[in-house]
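The structure appears below as structure tokens.
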Amino acid sequence: MLARYLMIFAALLIVSACSTTDEDALATDQASMERDGISDGPLQDIYQGDVNQGPVPGTQADLVVNVGDRVFFGYDSYDINAESRGVLDNQARWLAQYPNLSITIEGHADERGTREYNLALGERRANAVKNYLVASGVSSDRLHVVSYGKERPAVPGADESAWAQNRRGVTKVD
């Protein structure tokens with residue numbers, strides 16, 4: 001009889017330990033977004049009420065979820081490839097919906113090369129993104145560029161997989 005009660009108690013503990021609330025999900029999403037540099041404030045500020053409704057339109061989270069906030073570049077290149085053009089076309093349409101927003105375009109490089117060279121390459125990448133968006137109809141007054149060179153890698157590591165993800169341009173809502 002005691003064994004039966006212990007089994008029931010253990011089953012209840014397991015079930016209760018597996019449950020999550022909206023607050024738990026919100027805290028997990030907040031930590032994940034902060035790690036990825038998406039949100040500076042509480043997640044409640046960028047979500048509409050219930051977590052399941054999605055990001056507030058016109059926010060960084062909306063850009064990331066519905067459009068894409070980054071494009072990638074080849075080694076030692078600042079050319080916009082076909083895949084990047086698709087992302088940037090979507091960004092231009094998204095920015096047209098929110099004409100009062102301004103953005104900062106971050107240029108990044110992988111760890112190879114000198115600090116100075118990578119800062120210059122990051123700036124060329126950010127300017128390539130900016131020029132593409134301007135050619136797509138976005139006012140240049142709304143666009144700012146900054147280069148971080150190799151100083152802010154998205155993915156740590158010294159292999160081609162990490163380097164490919166670090167050669168990027170990232171669009172941030174100001």
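Following the order of the structure tokens, chains are lettered A, B, ..., residues in each are numbered from 1, and ligands are numbered from 1.
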**Report entry** Neighbour list for Phe72 in chain A as an NGL selection string, cut-off 12 Å, only C-alpha atoms, skip fewer than 5 positions in-chain
**Finding:** :A and (77-88 or 106-110 or 122 or 125-126 or 128-129 or 154 or 162-171)
Report summary line: What separates CA of Ala92 in chain A and CA of Gln53 in chain A is a distance of 24.0 Å
